[in-house]
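Chemist: start_36.cif is reproduced in full below (mmCIF, C-alpha atoms).
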```
data_run
#
loop_
_atom_site.group_PDB
_atom_site.id
_atom_site.type_symbol
_atom_site.label_atom_id
_atom_site.label_comp_id
_atom_site.auth_asym_id
_atom_site.auth_seq_id
_atom_site.Cartn_x
_atom_site.Cartn_y
_atom_site.Cartn_z
ATOM 1 C CA MET A 1 4.424 9.536 17.114
ATOM 2 C CA MET A 2 7.596 8.616 15.311
ATOM 3 C CA LYS A 3 8.051 10.761 12.179
ATOM 4 C CA GLN A 4 11.295 10.362 10.289
ATOM 5 C CA ALA A 5 12.014 11.552 6.762
ATOM 6 C CA VAL A 6 13.577 8.686 4.812
ATOM 7 C CA THR A 7 14.954 7.968 1.365
ATOM 8 C CA ILE A 8 14.072 5.028 -0.855
ATOM 9 C CA LYS A 9 17.488 3.509 -0.091
ATOM 10 C CA ASP A 10 16.810 3.922 3.635
ATOM 11 C CA LEU A 11 13.592 1.943 3.294
ATOM 12 C CA GLU A 12 15.229 -0.900 1.430
ATOM 13 C CA GLN A 13 17.867 -1.185 4.144
ATOM 14 C CA LEU A 14 15.261 -1.034 6.912
ATOM 15 C CA ALA A 15 13.240 -3.738 5.160
ATOM 16 C CA ASN A 16 16.365 -5.881 4.934
ATOM 17 C CA GLU A 17 16.897 -5.476 8.666
ATOM 18 C CA ALA A 18 13.238 -6.261 9.479
ATOM 19 C CA ARG A 19 12.873 -9.177 7.054
ATOM 20 C CA GLU A 20 13.498 -12.049 9.475
ATOM 21 C CA SER A 21 11.110 -10.662 12.096
ATOM 22 C CA ILE A 22 8.337 -9.924 9.603
ATOM 23 C CA TRP A 23 8.503 -13.357 7.993
ATOM 24 C CA ALA A 24 8.422 -14.964 11.448
ATOM 25 C CA GLN A 25 5.348 -12.943 12.472
ATOM 26 C CA ALA A 26 3.445 -13.836 9.315
ATOM 27 C CA GLY A 27 4.607 -17.443 9.546
ATOM 28 C CA GLN A 28 2.867 -17.864 12.892
ATOM 29 C CA TYR A 29 -0.373 -17.908 10.895
ATOM 30 C CA GLY A 30 0.935 -19.772 7.875
ATOM 31 C CA ARG A 31 1.078 -16.545 5.880
ATOM 32 C CA GLU A 32 3.649 -14.513 4.002
ATOM 33 C CA PRO A 33 4.313 -10.818 4.614
ATOM 34 C CA LYS A 34 2.214 -8.378 2.630
ATOM 35 C CA ILE A 35 2.339 -4.733 1.688
ATOM 36 C CA TYR A 36 -1.015 -2.954 1.906
ATOM 37 C CA LEU A 37 -1.636 0.340 0.101
ATOM 38 C CA HIS A 38 -3.914 3.011 1.564
ATOM 39 C CA TRP A 39 -5.382 6.410 0.726
ATOM 40 C CA SER A 40 -5.091 8.304 4.011
ATOM 41 C CA ALA A 41 -8.026 10.428 5.145
ATOM 42 C CA GLY A 42 -6.816 13.890 6.077
ATOM 43 C CA HIS A 43 -4.874 16.185 3.802
ATOM 44 C CA TYR A 44 -1.698 16.208 1.746
ATOM 45 C CA ASP A 45 0.620 16.865 4.663
ATOM 46 C CA GLN A 46 -1.100 14.926 7.452
ATOM 47 C CA VAL A 47 1.170 12.095 8.535
ATOM 48 C CA SER A 48 -0.590 9.276 10.369
ATOM 49 C CA ASP A 49 0.880 6.670 12.694
ATOM 50 C CA HIS A 50 -1.646 4.137 11.393
ATOM 51 C CA TYR A 51 0.758 3.478 8.538
ATOM 52 C CA HIS A 52 4.406 2.494 8.470
ATOM 53 C CA VAL A 53 5.186 4.874 5.615
ATOM 54 C CA ASN A 54 3.382 8.084 4.620
ATOM 55 C CA ILE A 55 3.876 9.930 1.330
ATOM 56 C CA THR A 56 2.831 13.577 1.438
ATOM 57 C CA GLY A 57 1.554 15.758 -1.396
ATOM 58 C CA GLY A 58 4.989 16.782 -2.601
ATOM 59 C CA GLY A 59 6.154 13.176 -2.628
ATOM 60 C CA GLU A 60 8.070 13.381 0.662
ATOM 61 C CA VAL A 61 8.427 9.996 2.354
ATOM 62 C CA TYR A 62 8.108 9.554 6.132
ATOM 63 C CA LEU A 63 8.590 6.484 8.293
ATOM 64 C CA THR A 64 6.132 6.549 11.215
ATOM 65 C CA LEU A 65 6.312 2.950 12.466
ATOM 66 C CA PRO A 66 9.291 0.581 12.533
ATOM 67 C CA LEU A 67 8.799 -1.914 9.711
ATOM 68 C CA ASP A 68 8.867 -4.906 12.050
ATOM 69 C CA VAL A 69 5.979 -3.566 14.195
ATOM 70 C CA PRO A 70 2.532 -4.767 13.080
ATOM 71 C CA GLY A 71 0.426 -1.930 11.722
ATOM 72 C CA GLN A 72 -2.870 -0.937 13.330
ATOM 73 C CA GLY A 73 -5.920 -2.391 11.657
ATOM 74 C CA THR A 74 -4.626 -4.332 8.673
ATOM 75 C CA TRP A 75 -2.387 -6.559 10.760
ATOM 76 C CA LYS A 76 -5.559 -8.237 12.044
ATOM 77 C CA ARG A 77 -5.919 -9.600 8.554
ATOM 78 C CA ASN A 78 -2.299 -10.629 8.181
ATOM 79 C CA THR A 79 0.271 -10.385 10.953
ATOM 80 C CA GLY A 80 3.511 -9.264 9.350
ATOM 81 C CA ALA A 81 1.822 -6.673 7.130
ATOM 82 C CA ILE A 82 3.453 -3.403 6.119
ATOM 83 C CA ASN A 83 1.057 -0.467 5.600
ATOM 84 C CA LEU A 84 1.889 2.313 3.140
ATOM 85 C CA ALA A 85 -0.247 5.425 2.669
ATOM 86 C CA ILE A 86 -0.600 8.224 0.179
ATOM 87 C CA ASP A 87 -1.774 11.201 2.210
ATOM 88 C CA GLY A 88 -4.921 12.838 0.866
ATOM 89 C CA CYS A 89 -8.280 14.357 1.564
ATOM 90 C CA PHE A 90 -10.979 13.559 4.100
ATOM 91 C CA ASP A 91 -13.826 13.731 1.559
ATOM 92 C CA ALA A 92 -12.706 10.729 -0.477
ATOM 93 C CA GLY A 93 -15.488 8.247 -1.029
ATOM 94 C CA SER A 94 -17.365 6.058 -3.481
ATOM 95 C CA ASN A 95 -17.118 8.557 -6.320
ATOM 96 C CA GLY A 96 -13.429 9.295 -6.157
ATOM 97 C CA LEU A 97 -10.512 10.432 -4.076
ATOM 98 C CA GLY A 98 -11.980 13.730 -2.964
ATOM 99 C CA THR A 99 -10.829 17.244 -3.728
ATOM 100 C CA GLU A 100 -7.174 16.350 -3.277
ATOM 101 C CA PRO A 101 -6.500 13.271 -5.427
ATOM 102 C CA PRO A 102 -3.003 11.751 -5.375
ATOM 103 C CA THR A 103 -0.338 13.858 -7.040
ATOM 104 C CA ALA A 104 2.011 12.480 -9.655
ATOM 105 C CA ALA A 105 4.860 12.745 -7.117
ATOM 106 C CA GLN A 106 2.905 10.673 -4.596
ATOM 107 C CA ILE A 107 2.096 7.946 -7.105
ATOM 108 C CA GLU A 108 5.649 7.696 -8.421
ATOM 109 C CA ASN A 109 7.171 7.704 -4.951
ATOM 110 C CA MET A 110 4.654 5.157 -3.678
ATOM 111 C CA ALA A 111 5.765 2.894 -6.514
ATOM 112 C CA GLN A 112 9.416 3.347 -5.543
ATOM 113 C CA VAL A 113 8.613 2.719 -1.872
ATOM 114 C CA ILE A 114 6.825 -0.515 -2.832
ATOM 115 C CA ALA A 115 9.796 -1.610 -4.939
ATOM 116 C CA ALA A 116 12.327 -0.860 -2.196
ATOM 117 C CA ILE A 117 10.415 -2.571 0.614
ATOM 118 C CA ALA A 118 9.474 -5.574 -1.515
ATOM 119 C CA ASN A 119 13.117 -6.007 -2.451
ATOM 120 C CA GLY A 120 14.212 -5.796 1.181
ATOM 121 C CA LEU A 121 11.553 -8.305 2.267
ATOM 122 C CA TRP A 122 12.123 -10.673 -0.688
ATOM 123 C CA LEU A 123 8.534 -10.219 -1.887
ATOM 124 C CA THR A 124 7.214 -10.506 -5.418
ATOM 125 C CA ILE A 125 5.333 -7.384 -6.495
ATOM 126 C CA ASP A 126 2.016 -8.989 -7.359
ATOM 127 C CA LYS A 127 -1.515 -8.941 -5.973
ATOM 128 C CA ALA A 128 -0.759 -11.823 -3.630
ATOM 129 C CA HIS A 129 1.802 -9.685 -1.801
ATOM 130 C CA VAL A 130 1.072 -6.026 -2.661
ATOM 131 C CA MET A 131 -2.520 -4.888 -2.644
ATOM 132 C CA THR A 132 -4.781 -1.948 -1.965
ATOM 133 C CA HIS A 133 -7.050 -1.846 1.058
ATOM 134 C CA GLY A 134 -10.018 -2.400 -1.246
ATOM 135 C CA GLU A 135 -8.467 -5.459 -2.885
ATOM 136 C CA ALA A 136 -7.721 -6.937 0.514
ATOM 137 C CA ALA A 137 -11.232 -6.157 1.690
ATOM 138 C CA ASN A 138 -12.637 -8.020 -1.285
ATOM 139 C CA ASN A 139 -10.384 -11.025 -0.526
ATOM 140 C CA GLU A 140 -8.667 -10.730 -3.885
ATOM 141 C CA ASP A 141 -5.626 -12.439 -2.437
ATOM 142 C CA GLY A 142 -7.831 -15.476 -1.863
ATOM 143 C CA TYR A 143 -7.464 -15.115 1.897
ATOM 144 C CA TYR A 144 -10.496 -16.039 3.968
ATOM 145 C CA GLY A 145 -8.700 -17.361 7.051
ATOM 146 C CA ALA A 146 -8.146 -16.256 10.618
ATOM 147 C CA HIS A 147 -7.651 -12.546 11.175
ATOM 148 C CA GLN A 148 -11.011 -11.676 9.703
ATOM 149 C CA PRO A 149 -11.506 -10.114 6.272
ATOM 150 C CA TYR A 150 -13.309 -6.772 6.221
ATOM 151 C CA ALA A 151 -16.853 -8.108 6.393
ATOM 152 C CA TRP A 152 -18.411 -4.681 5.791
ATOM 153 C CA TRP A 153 -16.450 -4.212 2.582
ATOM 154 C CA ASN A 154 -16.569 -7.609 0.924
ATOM 155 C CA ASP A 155 -18.546 -6.357 -2.065
ATOM 156 C CA SER A 156 -15.786 -3.948 -3.036
ATOM 157 C CA TYR A 157 -16.552 -4.312 -6.746
ATOM 158 C CA GLY A 158 -20.332 -4.725 -6.519
ATOM 159 C CA ASP A 159 -23.141 -2.240 -7.036
ATOM 160 C CA GLY A 160 -23.917 0.203 -4.261
ATOM 161 C CA ASP A 161 -20.426 -0.029 -2.802
ATOM 162 C CA THR A 162 -18.603 2.830 -1.090
ATOM 163 C CA ARG A 163 -14.874 2.661 -1.319
ATOM 164 C CA GLY A 164 -12.471 5.502 -0.590
ATOM 165 C CA ASP A 165 -9.120 3.990 -1.433
ATOM 166 C CA LEU A 166 -6.645 3.742 -4.250
ATOM 167 C CA GLU A 167 -8.950 2.121 -6.758
ATOM 168 C CA TYR A 168 -9.223 5.683 -8.016
ATOM 169 C CA LEU A 169 -6.188 7.713 -9.026
ATOM 170 C CA GLY A 170 -6.616 11.310 -10.080
ATOM 171 C CA THR A 171 -3.626 12.819 -11.842
ATOM 172 C CA ASP A 172 -3.087 13.607 -15.513
ATOM 173 C CA GLU A 173 -0.594 10.753 -15.568
ATOM 174 C CA SER A 174 -3.173 8.371 -14.113
ATOM 175 C CA PRO A 175 -6.598 9.679 -15.155
ATOM 176 C CA VAL A 176 -9.608 9.391 -12.904
ATOM 177 C CA TYR A 177 -11.229 6.005 -13.404
ATOM 178 C CA ASN A 178 -13.199 3.451 -11.433
ATOM 179 C CA PRO A 179 -13.225 -0.333 -10.978
ATOM 180 C CA TYR A 180 -15.544 -0.661 -13.955
ATOM 181 C CA ALA A 181 -13.094 0.893 -16.438
ATOM 182 C CA THR A 182 -13.447 -0.888 -19.764
ATOM 183 C CA ASP A 183 -9.738 -1.621 -19.946
ATOM 184 C CA GLY A 184 -9.755 -3.182 -16.488
ATOM 185 C CA THR A 185 -7.227 -0.703 -15.136
ATOM 186 C CA ARG A 186 -7.372 -0.171 -11.389
ATOM 187 C CA GLY A 187 -5.281 1.687 -8.850
ATOM 188 C CA GLY A 188 -3.577 -1.423 -7.527
ATOM 189 C CA ASP A 189 -2.610 -2.464 -11.052
ATOM 190 C CA VAL A 190 -1.147 0.972 -11.764
ATOM 191 C CA LEU A 191 0.952 0.971 -8.598
ATOM 192 C CA ARG A 192 2.156 -2.620 -8.986
ATOM 193 C CA GLY A 193 3.054 -1.954 -12.609
ATOM 194 C CA LYS A 194 5.027 1.148 -11.756
ATOM 195 C CA ALA A 195 6.710 -0.572 -8.804
ATOM 196 C CA ASN A 196 7.813 -3.479 -10.986
ATOM 197 C CA TRP A 197 9.161 -1.018 -13.542
ATOM 198 C CA TYR A 198 11.278 0.683 -10.874
ATOM 199 C CA ALA A 199 12.474 -2.632 -9.440
ATOM 200 C CA ASN A 200 13.517 -3.867 -12.882
ATOM 201 C CA SER A 201 15.211 -0.592 -13.794
ATOM 202 C CA TRP A 202 17.246 -0.711 -10.569
ATOM 203 C CA LYS A 203 18.388 -4.223 -11.414
ATOM 204 C CA GLY A 204 19.538 -2.918 -14.772
ATOM 205 C CA GLU A 205 21.588 -0.190 -13.097
ATOM 206 C CA GLN A 206 23.291 -2.768 -10.885
ATOM 207 C CA ALA A 207 24.127 -5.110 -13.755
#
```
Represent the structure of the file as structure tokens.
Modeler:
Amino acid sequence: MMKQAVTIKDLEQLANEARESIWAQAGQYGREPKIYLHWSAGHYDQVSDHYHVNITGGGEVYLTLPLDVPGQGTWKRNTGAINLAIDGCFDAGSNGLGTEPPTAAQIENMAQVIAAIANGLWLTIDKAHVMTHGEAANNEDGYYGAHQPYAWWNDSYGDGDTRGDLEYLGTDESPVYNPYATDGTRGGDVLRGKANWYANSWKGEQA
């Protein structure tokens, strides 16, 4: 398994270099590239080659797949997908993210990783292009085409669902909540919001 510690700047450059290939792969199916966000089953320091980028408990960022290589699993839904993972605990499930919820460092660095890769790929940071596994499973990007949706998970926001991904975040900065939060806040919204904040702040530094 490839395991390479990288910086946020590294990832933006790598995304720049992979952009043409990724757009071509997605274009074969009339799609655009996407970034999918995952909560990795394991523990804080378990780096998995199922994801292009892993973020460990201390916020360290590792590249484990070249960005222009389709990821395992999610690519079946959208060739050209980039998979990012916050590394966590094996006992995550329908009631939360387990005994090791994401740390503040993981959440903040995931947001920066999203911003850097989206910038390198020329992607807008919105639900159409950046989404959690659960959002993709529930077809919240409006995608029902070839490369099947996750049929076993299509009621992601219905009663009786089990869902162990980033719809729950568990730090003081991002309190534990669920998809039924009265303010509508969900994990994907938190991460997209933070990522857009970083992307906009970087633009301000360059101006």
Chemist: Applying the PyMOL selection byres ((chain A and resi 87) around 7) to the file I just gave you, which residues come out? Please list them as a PyMOL selection string.
Modeler: chain A and resi 39-46+54-57+85-86+88
Chemist: Identify, on the basis of only C-alpha atoms, every residue whose closest approach to Val53 of chain A does not exceed 6 Å; exclude the query and any residue fewer than 5 positions from it along the same chain; express the result as a PyMOL selection string.
Modeler: chain A and resi 62-64+84
Chemist: Output C-alpha atoms of each residue in that selection to a file, as a compact mmCIF listing (two decimals), in the frame of the given file.
Modeler:
```txt
# COMPACT_ATOMS: atom_id res chain seq x y z
CA TYR A 62 8.11 9.55 6.13
CA LEU A 63 8.59 6.48 8.29
CA THR A 64 6.13 6.55 11.22
CA LEU A 84 1.89 2.31 3.14
```
Chemist: When the PyMOL selection byres ((chain A and resi 110-127) around 9) is applied to the structure above, which residues does it catch, written out as JSON, numbers by chain?
Modeler: {"A": [7, 8, 9, 10, 11, 12, 13, 14, 15, 16, 17, 18, 19, 20, 22, 23, 32, 33, 34, 35, 37, 53, 54, 55, 59, 61, 82, 84, 85, 86, 105, 106, 107, 108, 109, 128, 129, 130, 131, 132, 135, 140, 141, 188, 189, 190, 191, 192, 193, 194, 195, 196, 197, 198, 199]}
Chemist: Suppose we keep C-alpha atoms; can you now write the selection as a PDB file, keeping the file's coordinate frame?
Modeler:
```
ATOM      1  CA  THR A   7      14.954   7.968   1.365  1.00  0.00           C
ATOM      2  CA  ILE A   8      14.072   5.028  -0.855  1.00  0.00           C
ATOM      3  CA  LYS A   9      17.488   3.509  -0.091  1.00  0.00           C
ATOM      4  CA  ASP A  10      16.810   3.922   3.635  1.00  0.00           C
ATOM      5  CA  LEU A  11      13.592   1.943   3.294  1.00  0.00           C
ATOM      6  CA  GLU A  12      15.229  -0.900   1.430  1.00  0.00           C
ATOM      7  CA  GLN A  13      17.867  -1.185   4.144  1.00  0.00           C
ATOM      8  CA  LEU A  14      15.261  -1.034   6.912  1.00  0.00           C
ATOM      9  CA  ALA A  15      13.240  -3.738   5.160  1.00  0.00           C
ATOM     10  CA  ASN A  16      16.365  -5.881   4.934  1.00  0.00           C
ATOM     11  CA  GLU A  17      16.897  -5.476   8.666  1.00  0.00           C
ATOM     12  CA  ALA A  18      13.238  -6.261   9.479  1.00  0.00           C
ATOM     13  CA  ARG A  19      12.873  -9.177   7.054  1.00  0.00           C
ATOM     14  CA  GLU A  20      13.498 -12.049   9.475  1.00  0.00           C
ATOM     15  CA  ILE A  22       8.337  -9.924   9.603  1.00  0.00           C
ATOM     16  CA  TRP A  23       8.503 -13.357   7.993  1.00  0.00           C
ATOM     17  CA  GLU A  32       3.649 -14.513   4.002  1.00  0.00           C
ATOM     18  CA  PRO A  33       4.313 -10.818   4.614  1.00  0.00           C
ATOM     19  CA  LYS A  34       2.214  -8.378   2.630  1.00  0.00           C
ATOM     20  CA  ILE A  35       2.339  -4.733   1.688  1.00  0.00           C
ATOM     21  CA  LEU A  37      -1.636   0.340   0.101  1.00  0.00           C
ATOM     22  CA  VAL A  53       5.186   4.874   5.615  1.00  0.00           C
ATOM     23  CA  ASN A  54       3.382   8.084   4.620  1.00  0.00           C
ATOM     24  CA  ILE A  55       3.876   9.930   1.330  1.00  0.00           C
ATOM     25  CA  GLY A  59       6.154  13.176  -2.628  1.00  0.00           C
ATOM     26  CA  VAL A  61       8.427   9.996   2.354  1.00  0.00           C
ATOM     27  CA  ILE A  82       3.453  -3.403   6.119  1.00  0.00           C
ATOM     28  CA  LEU A  84       1.889   2.313   3.140  1.00  0.00           C
ATOM     29  CA  ALA A  85      -0.247   5.425   2.669  1.00  0.00           C
ATOM     30  CA  ILE A  86      -0.600   8.224   0.179  1.00  0.00           C
ATOM     31  CA  ALA A 105       4.860  12.745  -7.117  1.00  0.00           C
ATOM     32  CA  GLN A 106       2.905  10.673  -4.596  1.00  0.00           C
ATOM     33  CA  ILE A 107       2.096   7.946  -7.105  1.00  0.00           C
ATOM     34  CA  GLU A 108       5.649   7.696  -8.421  1.00  0.00           C
ATOM     35  CA  ASN A 109       7.171   7.704  -4.951  1.00  0.00           C
ATOM     36  CA  ALA A 128      -0.759 -11.823  -3.630  1.00  0.00           C
ATOM     37  CA  HIS A 129       1.802  -9.685  -1.801  1.00  0.00           C
ATOM     38  CA  VAL A 130       1.072  -6.026  -2.661  1.00  0.00           C
ATOM     39  CA  MET A 131      -2.520  -4.888  -2.644  1.00  0.00           C
ATOM     40  CA  THR A 132      -4.781  -1.948  -1.965  1.00  0.00           C
ATOM     41  CA  GLU A 135      -8.467  -5.459  -2.885  1.00  0.00           C
ATOM     42  CA  GLU A 140      -8.667 -10.730  -3.885  1.00  0.00           C
ATOM     43  CA  ASP A 141      -5.626 -12.439  -2.437  1.00  0.00           C
ATOM     44  CA  GLY A 188      -3.577  -1.423  -7.527  1.00  0.00           C
ATOM     45  CA  ASP A 189      -2.610  -2.464 -11.052  1.00  0.00           C
ATOM     46  CA  VAL A 190      -1.147   0.972 -11.764  1.00  0.00           C
ATOM     47  CA  LEU A 191       0.952   0.971  -8.598  1.00  0.00           C
ATOM     48  CA  ARG A 192       2.156  -2.620  -8.986  1.00  0.00           C
ATOM     49  CA  GLY A 193       3.054  -1.954 -12.609  1.00  0.00           C
ATOM     50  CA  LYS A 194       5.027   1.148 -11.756  1.00  0.00           C
ATOM     51  CA  ALA A 195       6.710  -0.572  -8.804  1.00  0.00           C
ATOM     52  CA  ASN A 196       7.813  -3.479 -10.986  1.00  0.00           C
ATOM     53  CA  TRP A 197       9.161  -1.018 -13.542  1.00  0.00           C
ATOM     54  CA  TYR A 198      11.278   0.683 -10.874  1.00  0.00           C
ATOM     55  CA  ALA A 199      12.474  -2.632  -9.440  1.00  0.00           C
TER      56      ALA A 199
END
```
Chemist: Taking all atoms listed in the file into account, which of A:Gln25, A:Lys3, A:Thr99, A:Leu166 comes nearest Leu65 of chain A?
Modeler: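 Ranked by minimum distance to Leu65 of chain A, first place goes to A:Lys3.
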Chemist: For atom CA of Tyr36 of chain A and atom CA of Leu67 of chain A, determine how far apart the two atoms are, in Å to one decimal place.
Modeler: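 Distance reported for this atom pair: 12.6 Å.
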Chemist: From the options A:Leu169, A:Val47, A:Ala24, A:Ala104, which residue's atoms come nearest to Ala5 of chain A, counting only C-alpha atoms?
Modeler: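 Closest to Ala5 of chain A of all the choices is A:Val47.
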Chemist: Which of these, A:Val6, A:Cys89, A:Ala137, A:Ala81, has the shortest distance to Asp68 of chain A once you count only C-alpha atoms?
Modeler: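 Nearest candidate to Asp68 of chain A out of A:Val6, A:Cys89, A:Ala137, A:Ala81: A:Ala81.
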